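File shown here: start.cif, holding mmCIF, C-alpha atoms.
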```cif
data_target
#
loop_
_atom_site.label_atom_id
_atom_site.label_comp_id
_atom_site.auth_asym_id
_atom_site.auth_seq_id
_atom_site.Cartn_x
_atom_site.Cartn_y
_atom_site.Cartn_z
CA MET V 5 16.36 11.88 58.08
CA ASP V 6 18.86 14.69 57.56
CA LYS V 7 18.74 17.00 54.54
CA LYS V 8 21.80 15.44 52.91
CA GLY V 9 20.21 11.97 52.96
CA THR V 10 16.92 13.24 51.52
CA ASP V 11 18.72 14.98 48.67
CA LYS V 12 20.62 11.78 47.86
CA ILE V 13 17.42 9.71 47.69
CA LEU V 14 15.73 12.38 45.58
CA SER V 15 18.66 12.38 43.12
CA ILE V 16 18.41 8.61 42.74
CA TYR V 17 14.65 8.92 42.27
CA TRP V 18 15.04 11.59 39.55
CA PHE V 19 17.64 9.49 37.77
CA LEU V 20 15.25 6.51 37.85
CA ILE V 21 12.40 8.59 36.42
CA LEU V 22 14.67 9.95 33.69
CA THR V 23 15.71 6.40 32.78
CA ILE V 24 12.08 5.22 32.66
CA VAL V 25 11.02 8.14 30.42
CA ALA V 26 14.04 7.75 28.11
CA GLY V 27 13.49 4.00 27.95
CA GLY V 28 9.79 4.50 27.14
CA ILE V 29 10.56 6.96 24.34
CA PHE V 30 13.23 4.63 22.94
CA ALA V 31 10.81 1.69 23.01
CA MET V 32 8.09 3.70 21.22
CA VAL V 33 10.43 4.90 18.47
CA TYR V 34 11.98 1.44 18.09
CA VAL V 35 8.60 -0.30 17.82
CA PHE V 36 7.16 2.22 15.34
CA TYR V 37 10.14 2.73 13.05
CA GLY V 38 11.30 -0.87 13.36
CA ALA V 39 8.06 -2.08 11.76
CA PRO V 40 7.99 -2.29 7.97
CA SER V 41 5.88 0.18 5.97
CA ASP V 42 3.45 -1.51 3.62
CA VAL V 43 4.27 -0.06 0.20
CA ARG V 44 2.61 -2.81 -1.83
CA GLU V 45 -0.32 -0.64 -2.84
CA ILE V 46 2.04 1.88 -4.43
CA GLU V 47 4.01 -0.93 -6.02
CA ALA V 48 0.81 -2.40 -7.51
CA GLU V 49 -0.17 1.05 -8.80
CA LEU V 50 3.26 1.51 -10.41
CA LEU V 51 2.99 -1.94 -12.00
CA ALA V 52 -0.42 -1.01 -13.42
CA GLN V 53 1.00 2.26 -14.73
CA LYS V 54 3.90 0.47 -16.40
CA LEU V 55 1.50 -2.00 -18.04
CA ALA V 56 -0.83 0.78 -19.20
CA ASP V 57 2.09 2.62 -20.79
CA CYS V 58 3.09 -0.59 -22.51
CA VAL V 59 -0.43 -1.21 -23.86
CA SER V 60 -1.40 2.26 -25.02
CA LYS V 61 0.44 5.44 -25.93
CA ASN V 62 -1.31 8.74 -26.65
CA GLY V 63 -4.69 6.98 -26.66
CA LEU V 64 -3.68 4.39 -29.26
CA ILE V 65 -3.21 0.71 -28.54
CA GLU V 66 0.27 -0.49 -29.44
CA GLU V 67 0.32 -1.97 -32.95
CA ASN V 68 2.45 -4.96 -32.00
CA LEU V 69 -0.41 -6.35 -29.90
CA PHE V 70 -2.21 -7.08 -33.17
CA LEU V 71 -1.59 -9.55 -35.95
CA ASN V 72 -3.66 -9.25 -39.15
CA GLY V 73 -6.18 -6.98 -37.45
CA GLU V 74 -6.77 -9.33 -34.52
CA PHE V 75 -5.09 -9.56 -31.12
CA ASN V 76 -1.94 -11.64 -31.34
CA PRO V 77 -2.21 -14.56 -28.84
CA ALA V 78 1.56 -15.12 -29.01
CA ILE V 79 2.15 -11.79 -27.25
CA ASN V 80 1.34 -13.46 -23.91
CA ALA V 81 4.66 -15.30 -24.00
CA TYR V 82 6.85 -12.22 -24.19
CA PHE V 83 4.69 -9.32 -23.04
CA THR V 84 6.33 -9.11 -19.59
CA ASP V 85 9.83 -8.89 -21.07
CA ARG V 86 8.71 -6.47 -23.77
CA CYS V 87 7.36 -4.11 -21.10
CA GLY V 88 10.63 -4.33 -19.18
CA ILE V 89 8.98 -5.94 -16.15
CA THR V 90 10.90 -8.42 -14.00
CA PHE V 91 9.45 -10.41 -11.13
CA LYS V 92 12.66 -10.46 -9.11
CA VAL V 93 12.32 -9.50 -5.44
CA GLU V 94 14.74 -8.24 -2.82
CA GLU V 95 16.62 -11.13 -1.25
CA GLY V 96 16.70 -11.98 2.42
CA TYR V 97 13.04 -11.55 3.32
CA GLY V 98 11.80 -15.05 2.47
CA ASP V 99 9.70 -13.96 -0.52
CA GLU V 100 12.07 -15.48 -3.07
CA THR V 101 10.49 -18.94 -3.11
CA GLU V 102 7.58 -18.01 -5.39
CA ILE V 103 6.63 -15.24 -7.80
CA GLN V 104 5.37 -12.27 -5.79
CA TYR V 105 3.59 -10.38 -8.58
CA LEU V 106 0.62 -10.89 -10.83
CA TYR V 107 -1.07 -8.95 -13.56
CA LYS V 108 -3.94 -9.34 -15.93
CA VAL V 109 -4.73 -6.95 -18.78
CA SER V 110 -8.22 -7.45 -20.21
CA PHE V 111 -9.37 -5.83 -23.45
CA TYR V 112 -13.14 -5.39 -23.77
CA ASP V 113 -14.95 -4.51 -26.92
CA ILE V 114 -17.13 -1.44 -26.37
CA LYS V 115 -20.17 -3.56 -27.34
CA ASN V 116 -19.41 -6.31 -24.82
CA VAL V 117 -18.08 -5.18 -21.47
CA VAL V 118 -18.79 -8.52 -19.78
CA ASN V 119 -16.50 -10.93 -21.59
CA PRO V 120 -13.03 -9.69 -22.50
CA LYS V 121 -12.04 -10.00 -26.13
CA PHE V 122 -8.42 -10.62 -25.23
CA VAL V 123 -6.47 -11.16 -22.02
CA ILE V 124 -2.77 -10.88 -21.31
CA SER V 125 -1.63 -12.21 -17.93
CA ASP V 126 1.49 -13.31 -16.10
CA GLY V 127 2.87 -13.88 -12.64
CA ASN V 128 1.36 -15.75 -9.72
CA LEU V 129 -2.24 -15.96 -10.91
CA ASN V 130 -3.12 -18.32 -8.02
CA TRP V 131 -3.43 -15.14 -5.96
CA GLU V 132 -5.96 -13.50 -8.27
CA ASN V 133 -8.92 -14.48 -6.08
CA GLU V 134 -7.26 -12.93 -3.02
CA CYS V 135 -7.56 -9.54 -4.75
CA PHE V 136 -11.32 -9.65 -4.38
CA ILE V 137 -11.48 -10.56 -0.71
CA GLU V 138 -12.60 -7.61 1.36
CA LYS V 139 -9.66 -6.81 3.62
CA SER V 140 -9.69 -5.84 7.26
CA ASN V 141 -6.88 -4.81 9.59
CA SER V 142 -6.55 -8.29 11.06
CA LYS V 143 -3.11 -9.88 10.73
CA ASP V 144 -4.25 -12.69 8.41
CA TYR V 145 -5.86 -10.29 5.95
CA LEU V 146 -2.86 -7.96 5.96
CA ARG V 147 -0.71 -10.81 4.66
CA LEU V 148 -2.88 -11.28 1.58
CA VAL V 149 -1.80 -9.93 -1.78
CA LYS V 150 -2.40 -6.19 -2.36
CA CYS V 151 -4.06 -5.42 -5.67
CA LYS V 152 -5.01 -2.48 -7.85
CA GLU V 153 -7.56 -2.39 -10.61
CA ARG V 154 -7.35 0.45 -13.12
CA ARG V 155 -9.53 1.04 -16.16
CA PHE V 156 -9.08 3.23 -19.19
CA TYR V 157 -10.15 3.66 -22.76
CA ALA V 158 -8.08 3.39 -25.93
CA VAL V 159 -8.55 2.90 -29.66
CA ASP V 160 -6.68 0.87 -32.24
CA LYS V 161 -5.35 2.27 -35.51
CA GLU V 162 -8.62 1.34 -37.27
CA ASN V 163 -10.46 3.49 -34.74
CA ASN V 164 -12.09 0.51 -32.97
CA GLN V 165 -12.90 1.35 -29.36
CA TYR V 166 -11.56 -0.79 -26.50
CA LEU V 167 -12.01 -0.64 -22.77
CA ILE V 168 -8.93 -1.85 -20.97
CA GLU V 169 -8.86 -3.18 -17.43
CA ILE V 170 -5.57 -3.76 -15.62
CA LEU V 171 -5.39 -5.85 -12.47
CA SER V 172 -2.02 -5.82 -10.76
CA GLY V 173 -1.06 -7.47 -7.49
CA VAL V 174 1.93 -7.62 -5.18
CA GLY V 175 2.52 -10.32 -2.54
CA LYS V 176 5.78 -9.64 -0.68
CA SER V 177 4.10 -9.92 2.69
CA GLU V 178 7.31 -11.02 4.41
CA LYS V 179 8.92 -7.67 3.65
CA ASN V 180 5.90 -5.40 4.04
CA VAL V 181 3.88 -6.84 6.91
CA LYS V 182 5.03 -7.09 10.52
CA LYS V 183 5.31 -10.68 11.73
CA MET S 20 8.42 15.13 65.50
CA LEU S 21 5.10 13.32 64.71
CA LYS S 22 3.91 16.28 62.62
CA ASN S 23 7.15 16.16 60.63
CA LYS S 24 6.72 12.42 59.95
CA LYS S 25 3.14 12.95 58.70
CA ALA S 26 4.37 15.56 56.22
CA GLN S 27 7.06 13.14 55.01
CA VAL S 28 4.51 10.34 54.45
CA GLY S 29 2.25 12.73 52.48
CA GLU S 30 5.09 13.84 50.28
CA THR S 31 6.26 10.28 49.59
CA ALA S 32 2.70 9.20 48.67
CA THR S 33 2.52 12.08 46.16
CA TRP S 34 5.75 10.97 44.51
CA ILE S 35 4.66 7.32 44.35
CA ILE S 36 1.34 8.25 42.73
CA ALA S 37 3.14 10.56 40.28
CA THR S 38 5.49 7.73 39.33
CA VAL S 39 2.62 5.31 38.80
CA VAL S 40 0.80 7.88 36.60
CA LEU S 41 3.97 8.41 34.57
CA VAL S 42 4.49 4.69 34.02
CA VAL S 43 0.83 4.23 33.04
CA ILE S 44 1.08 7.09 30.50
CA LEU S 45 4.24 5.57 29.03
CA ILE S 46 2.60 2.15 28.74
CA VAL S 47 -0.46 3.68 27.01
CA PHE S 48 1.78 5.48 24.48
CA LEU S 49 3.78 2.31 23.94
CA PHE S 50 0.60 0.37 23.09
CA ILE S 51 -0.48 3.14 20.71
CA SER S 52 2.93 2.89 18.98
CA ILE S 53 2.57 -0.89 18.69
CA SER S 54 -0.94 -0.55 17.21
CA LEU S 55 0.15 2.12 14.71
CA SER S 56 3.22 0.15 13.68
CA LYS S 57 0.99 -2.76 12.62
CA ILE S 58 -0.95 -0.69 10.11
CA LYS S 59 1.83 1.41 8.64
CA SER S 60 1.13 1.68 4.95
CA LEU S 61 1.70 4.20 2.21
CA LYS S 62 -1.12 5.10 -0.15
CA ALA S 63 -0.67 5.70 -3.85
CA ASP S 64 -1.37 9.11 -5.33
CA ILE S 65 0.47 9.10 -8.62
CA LYS S 66 -0.12 12.07 -10.90
CA ALA S 67 0.66 12.35 -14.60
CA ASN S 68 3.39 14.82 -13.64
CA SER S 69 4.32 16.71 -10.49
CA GLU S 70 2.58 19.96 -11.53
CA ASP S 71 -0.53 18.32 -12.92
CA THR S 72 -3.49 17.30 -10.81
CA THR S 73 -4.79 14.80 -13.38
CA ASP S 74 -4.60 11.12 -12.62
CA TRP S 75 -2.21 9.39 -15.04
CA ILE S 76 -4.86 6.95 -16.17
CA SER S 77 -7.47 9.67 -16.81
CA LEU S 78 -4.94 11.32 -19.11
CA LYS S 79 -4.81 8.15 -21.21
CA THR S 80 -8.58 8.11 -21.57
CA GLU S 81 -8.64 11.83 -22.44
CA MET S 82 -6.12 11.26 -25.20
CA ALA S 83 -8.21 8.43 -26.64
CA TYR S 84 -11.29 10.72 -26.58
CA SER S 85 -9.39 13.18 -28.75
CA ILE S 86 -9.13 10.41 -31.37
CA ASN S 87 -12.59 8.89 -31.01
CA PRO S 88 -15.07 10.51 -28.60
CA GLU S 89 -18.03 8.20 -29.38
CA ASN S 90 -19.88 6.41 -26.56
CA LYS S 91 -18.35 8.73 -23.99
CA ASN S 92 -21.09 8.24 -21.39
CA ARG S 93 -20.88 4.48 -21.66
CA ILE S 94 -17.10 4.55 -21.32
CA GLU S 95 -17.25 6.91 -18.32
CA LEU S 96 -19.79 4.68 -16.60
CA TRP S 97 -17.62 1.61 -17.10
CA ILE S 98 -14.50 3.37 -15.87
CA SER S 99 -16.32 4.69 -12.78
CA LYS S 100 -16.87 1.10 -11.65
CA GLU S 101 -13.14 0.41 -11.30
CA GLY S 102 -11.62 -0.72 -8.04
CA ILE S 103 -11.54 -3.92 -6.10
CA HIS S 104 -12.61 -2.34 -2.84
CA ASP S 105 -9.68 -3.56 -0.77
CA GLU S 106 -9.11 -0.20 0.87
CA GLN S 107 -8.92 -0.43 4.66
#
```

Output the file's structure in the form of structure tokens.
Amino acid sequence: MDKKGTDKILSIYWFLILTIVAGGIFAMVYVFYGAPSDVREIEAELLAQKLADCVSKNGLIEENLFLNGEFNPAINAYFTDRCGITFKVEEGYGDETEIQYLYKVSFYDIKNVVNPKFVISDGNLNWENECFIEKSNSKDYLRLVKCKERRFYAVDKENNQYLIEILSGVGKSEKNVKK
Amino acid sequence: MLKNKKAQVGETATWIIATVVLVVILIVFLFISISLSKIKSLKADIKANSEDTTDWISLKTEMAYSINPENKNRIELWISKEGIHDEQ
């Protein structure tokens, strides 16, 4: 083969290699950045934070949770709205068919940390049990609800001590988990 | 002439092997990208404010202690048991 022919073949070969490398890099970037990031853990933490701020300020439990010195059971009906929480989700991901959030705020008396004295809850409580399943990286587990449990201490205006446990959970697997 | 042909065959074999190695490396990286894309998640690390290192929820407990610090050990023990152990 003459030198001219060899150079021609080599040019084609280099172009082919360049295309393969560029294609490989494109595929890697597309696959990685095309996949959704799972932000549900942060969302659950923010939900818990919002609830905690709604329950207690500066170490004191909000007065409107009480009625005649006892917890007001009627608060359950409007607590979500009062805290400025909405359960609306972004449209177009297929999560709109059912409520994608849940929360449960349990108030324990300092003398009895087993049975809560009062509980406020809302959202899709059918998912509560999923919070306690030990998760792995398998696809089925990744689609389960992501939950956060936070605990803190607060007192009421009569100086009674309460331990408060907040469980918050976010579903939204269609948006956050790769299919 | 024969010597020249042998040299050409050797050179071609080198290029073919190099190409195969390159493709294999690209495939390996592609699989790594696919695996990493499946477990992309962001972890929460929310502080009371950007300059503070205190956890927002610890700040709430600290404020309550300033009002009524009784049973501190018991409270701390209870709080230390928080978490639903779903971390991966």

| said: Residues within 8 Å of Asn62 of chain V, please, as a VMD selection string. Count all atoms listed in the file; anything in the same chain fewer than 3 positions from it doesn't count. | reply: chain S and resid 79 82 to 83

| message | Quick one: residues within 10 Å of Lys57 of chain S, all atoms listed in the file, excluding same-chain residues fewer than 2 positions away - as a list in words? | response | Val35, Phe36, Ala39, Pro40, Ser41, Asp42, Asn141, Ser142, Lys143, Leu146, Val181, Lys182 and Lys183 of chain V; Ser52, Ile53, Ser54, Leu55, Lys59 and Ser60 of chain S

| From the list S:Asp74, S:Glu81, S:Glu95, S:Glu89, which residue is nearest Glu49 of chain V when using only C-alpha atoms? |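 Looking at the shortest contact to Glu49 of chain V, the residue is S:Asp74.
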
| task | Please write the residues picked by the PyMOL selection byres ((chain S) within 8 of (chain V)) on this file as a ChimeraX atom specification. | result | /S:38,42,45-46,48-49,52-53,55-63,75-77,79-84,86-87,94,98,101-107

| To one decimal place, how far is atom CA of Tyr107 of chain V from atom CA of Ser125 of chain V in Å? |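 Here the two named atoms are 5.5 Å from each other.
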
| Got a sec: who's within 12 Å of Glu94 of chain V, counting all atoms listed in the file, leaving out chain neighbours fewer than 6 positions off, as a list in words? |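 Once the adjacent positions are removed, what remains is Glu100, Thr101, Ile103, Gln104, Lys176, Glu178, Lys179 and Asn180 of chain V.
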
| request: Take atom CA of Asn80 of chain V and atom CA of Asp126 of chain V and report the distance between them in Å, one decimal. | output: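 Atom CA of Asp126 of chain V lies at a distance of 7.8 Å from atom CA of Asn80 of chain V.
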
| message | Can you measure atom CA of Ser177 of chain V to atom CA of Gly98 of chain V for me? One decimal in Å is fine. | response | 9.3 Å

| field | Result set, the PyMOL selection byres ((chain V and resi 106) around 6) on current file, as an NGL selection string | value | :V and (105 or 107 or 126-129 or 172-173)

Dump as a CSV table (one decimal), keeping the file's coordinate frame, selection limited to C-alpha atoms:
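Heads up, here's the output in selection_29.csv:
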```csv
chain,number,residue,atom,x,y,z
V,105,TYR,CA,3.6,-10.4,-8.6
V,107,TYR,CA,-1.1,-9.0,-13.6
V,126,ASP,CA,1.5,-13.3,-16.1
V,127,GLY,CA,2.9,-13.9,-12.6
V,128,ASN,CA,1.4,-15.8,-9.7
V,129,LEU,CA,-2.2,-16.0,-10.9
V,172,SER,CA,-2.0,-5.8,-10.8
V,173,GLY,CA,-1.1,-7.5,-7.5
```

| task | Name the residues within 7 Å of (-8.2, -9.2, -18.2), counting all atoms listed in the file in the file's coordinates, and put them as a list of chain:residue names. | result |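 Those residues lying close to the given coordinates are V:Lys108, V:Val109, V:Ser110, V:Phe111, V:Pro120, V:Val123, V:Ile124, V:Glu169, V:Ile170.
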